[in-house]
Amino acid sequence: EIVPAYEGFVTASYNKINYDSGLDDAGVNRDSDGYAVTAGTRIDLSGSVTGDVSIGYLRQDYDDATLENITGPTVGAALTWNVTNLTTLKGSVDRTISQTTQAGASASLTTKIGGSVDHELRRNVLLGGNLSGSTQKYRGNGREDDLYVACAYARYLLNRSFNVSANYDFSRKNSNAANSSYSQNVFLIRLTAQY
């Protein structure tokens with residue numbers, strides 16, 4: 001504990017990736033190993049705002065000399081704000097290395113920012129939505145993808161075991177790679193049973 005309501009922490013992780021096939025279709029060995037080290041603070045402001053915020057460094061080294069190693073800073077945050085007893089806001093930031101089989105690329109450095117709101121309109125009626133944006137920067141072939149997602153939902157609780165919900169999801173992907181950009185609209189109606 002640094003001061004009341006704030007705790008400091010340090011995390012370290014190591015990974016080793018070995019594919020069942022020694023070489024991919026292009027004759028490239030994509031095995032690798034890497035690590036991440038972060039330091040941050042955990043926040044708990046009397047339950048109204050809780051979560052973690054951190055910053056650090058990550059690295060992934062590839063066995064094949066034709067694949068570019070990935071190094072760089074990483075950030076992370078996951079915060080929850082209980083605005084009222086009925087309304088909750090959440091926000092997050094995350095940076096990770098995502099493996100790929102894209103020709104000429106070792107992996108992508110993915111940064112994602114998102115937020116959501118949930119509101120209890122009535123005890124059996126829930127409303128909510130979320131927005132997110134992410135950027136994938138591929139190392140080695142210059143490809144960059146941006147993905148934007150917006151979702152809204154309404155859920156009606158029939159009883160403890162069943163609920164009905166309606167969802168609308170919109171997503172848009174912009175890419176500098178040929179024929180990789182798109183927009184998508186999805187409407188869903190669900191009947192869910194839980195025990």
# chains A, B, ... in the order shown; residues from 1 in each chain; ligands from 1
$ select_by_dssp --residues "range 101-171 of chain A" --states "strand (DSSP E)" --output "ChimeraX atom specification"
/A:107-122,125-138,144-157,162-171
$ residues_around --residues "range 46-59 of chain A" --least-positions-apart "3" --cutoff "6 Å" --atoms "only C-alpha atoms" --output "compact mmCIF listing (two decimals) with C-alpha atoms, in the first residue's frame"
# COMPACT_ATOMS: atom_id res chain seq x y z
CA GLY A 34 9.24 -13.27 -25.07
CA TYR A 35 8.54 -11.45 -21.85
CA ALA A 36 6.69 -8.48 -20.40
CA VAL A 37 7.41 -6.44 -17.26
CA THR A 38 4.96 -3.89 -15.89
CA ALA A 39 4.55 -1.65 -12.85
CA GLY A 40 1.40 0.07 -11.77
CA THR A 41 -1.11 0.95 -9.12
CA ARG A 42 -4.35 -0.59 -7.94
CA ILE A 43 -7.06 1.94 -7.04
CA ILE A 70 9.09 -6.88 -31.47
CA THR A 71 10.01 -4.56 -28.60
CA GLY A 72 8.31 -1.57 -27.11
CA PRO A 73 6.38 0.00 -24.27
CA THR A 74 3.12 -1.48 -23.07
CA VAL A 75 0.25 0.10 -21.16
CA GLY A 76 -2.74 -1.30 -19.36
CA ALA A 77 -5.76 0.05 -17.52
CA ALA A 78 -9.06 -1.38 -16.37
CA LEU A 79 -11.18 1.04 -14.36
CA THR A 80 -14.76 0.79 -13.08
CA TRP A 81 -16.75 3.81 -11.90
CA ASN A 82 -19.99 3.11 -10.06
$ residues_around --residues "range 17-32 of chain A" --least-positions-apart "6" --cutoff "6 Å" --atoms "only C-alpha atoms" --output "list in words"
Asp61, Tyr62, Asp63 and Asp64 of chain A
$ closest_residue --among "A:Asn130, A:Thr135, A:Gln184, A:Asn124" --to "Arg95 in chain A" --atoms "only C-alpha atoms"
A:Thr135
$ closest_residue --among "A:Gln102, A:Ser175, A:Ser116, A:Gln60" --to "Asn15 in chain A" --atoms "only C-alpha atoms"
A:Gln60
$ closest_residue --among "A:Tyr156, A:Thr87, A:Asp169, A:Thr111" --to "Val125 in chain A" --atoms "only C-alpha atoms"
A:Tyr156
$ atom_distance --atom1 "CA of Lys90 in chain A" --atom2 "CA of Lys112 in chain A"
13.9 Å
$ atom_distance --atom1 "CA of Ile97 in chain A" --atom2 "CA of Thr11 in chain A"
16.7 Å
$ atom_distance --atom1 "CA of Ala166 in chain A" --atom2 "CA of Val186 in chain A"
10.7 Å
$ closest_residue --among "A:Leu67, A:Cys151, A:Val93, A:Leu86" --to "Ser108 in chain A" --atoms "only C-alpha atoms"
A:Leu67
$ closest_residue --among "A:Val149, A:Leu121, A:Val3, A:Leu157" --to "Asn174 in chain A" --atoms "only C-alpha atoms"
A:Val149
$ residues_around --residues "Ala150 in chain A" --least-positions-apart "6" --cutoff "8 Å" --atoms "only C-alpha atoms" --output "list in words"
Gly129, Asn130, Leu131, Ser132, Asp169, Phe170 and Ser171 of chain A
$ write_last_selection --atoms "C-alpha atoms" --output "JSON list (two decimals), in the first residue's frame"
[["chain", "number", "residue", "atom", "x", "y", "z"],
["A", 129, "GLY", "CA", -23.55, -0.13, -24.70],
["A", 130, "ASN", "CA", -19.86, -0.03, -25.45],
["A", 131, "LEU", "CA", -17.38, 1.59, -27.80],
["A", 132, "SER", "CA", -13.89, 0.39, -28.66],
["A", 169, "ASP", "CA", -23.45, -4.21, -33.20],
["A", 170, "PHE", "CA", -21.64, -2.03, -35.72],
["A", 171, "SER", "CA", -18.02, -2.58, -36.70]]
$ closest_residue --among "A:Lys16, A:Arg190, A:Arg172, A:Arg139" --to "Ala105 in chain A" --atoms "only C-alpha atoms"
A:Arg139
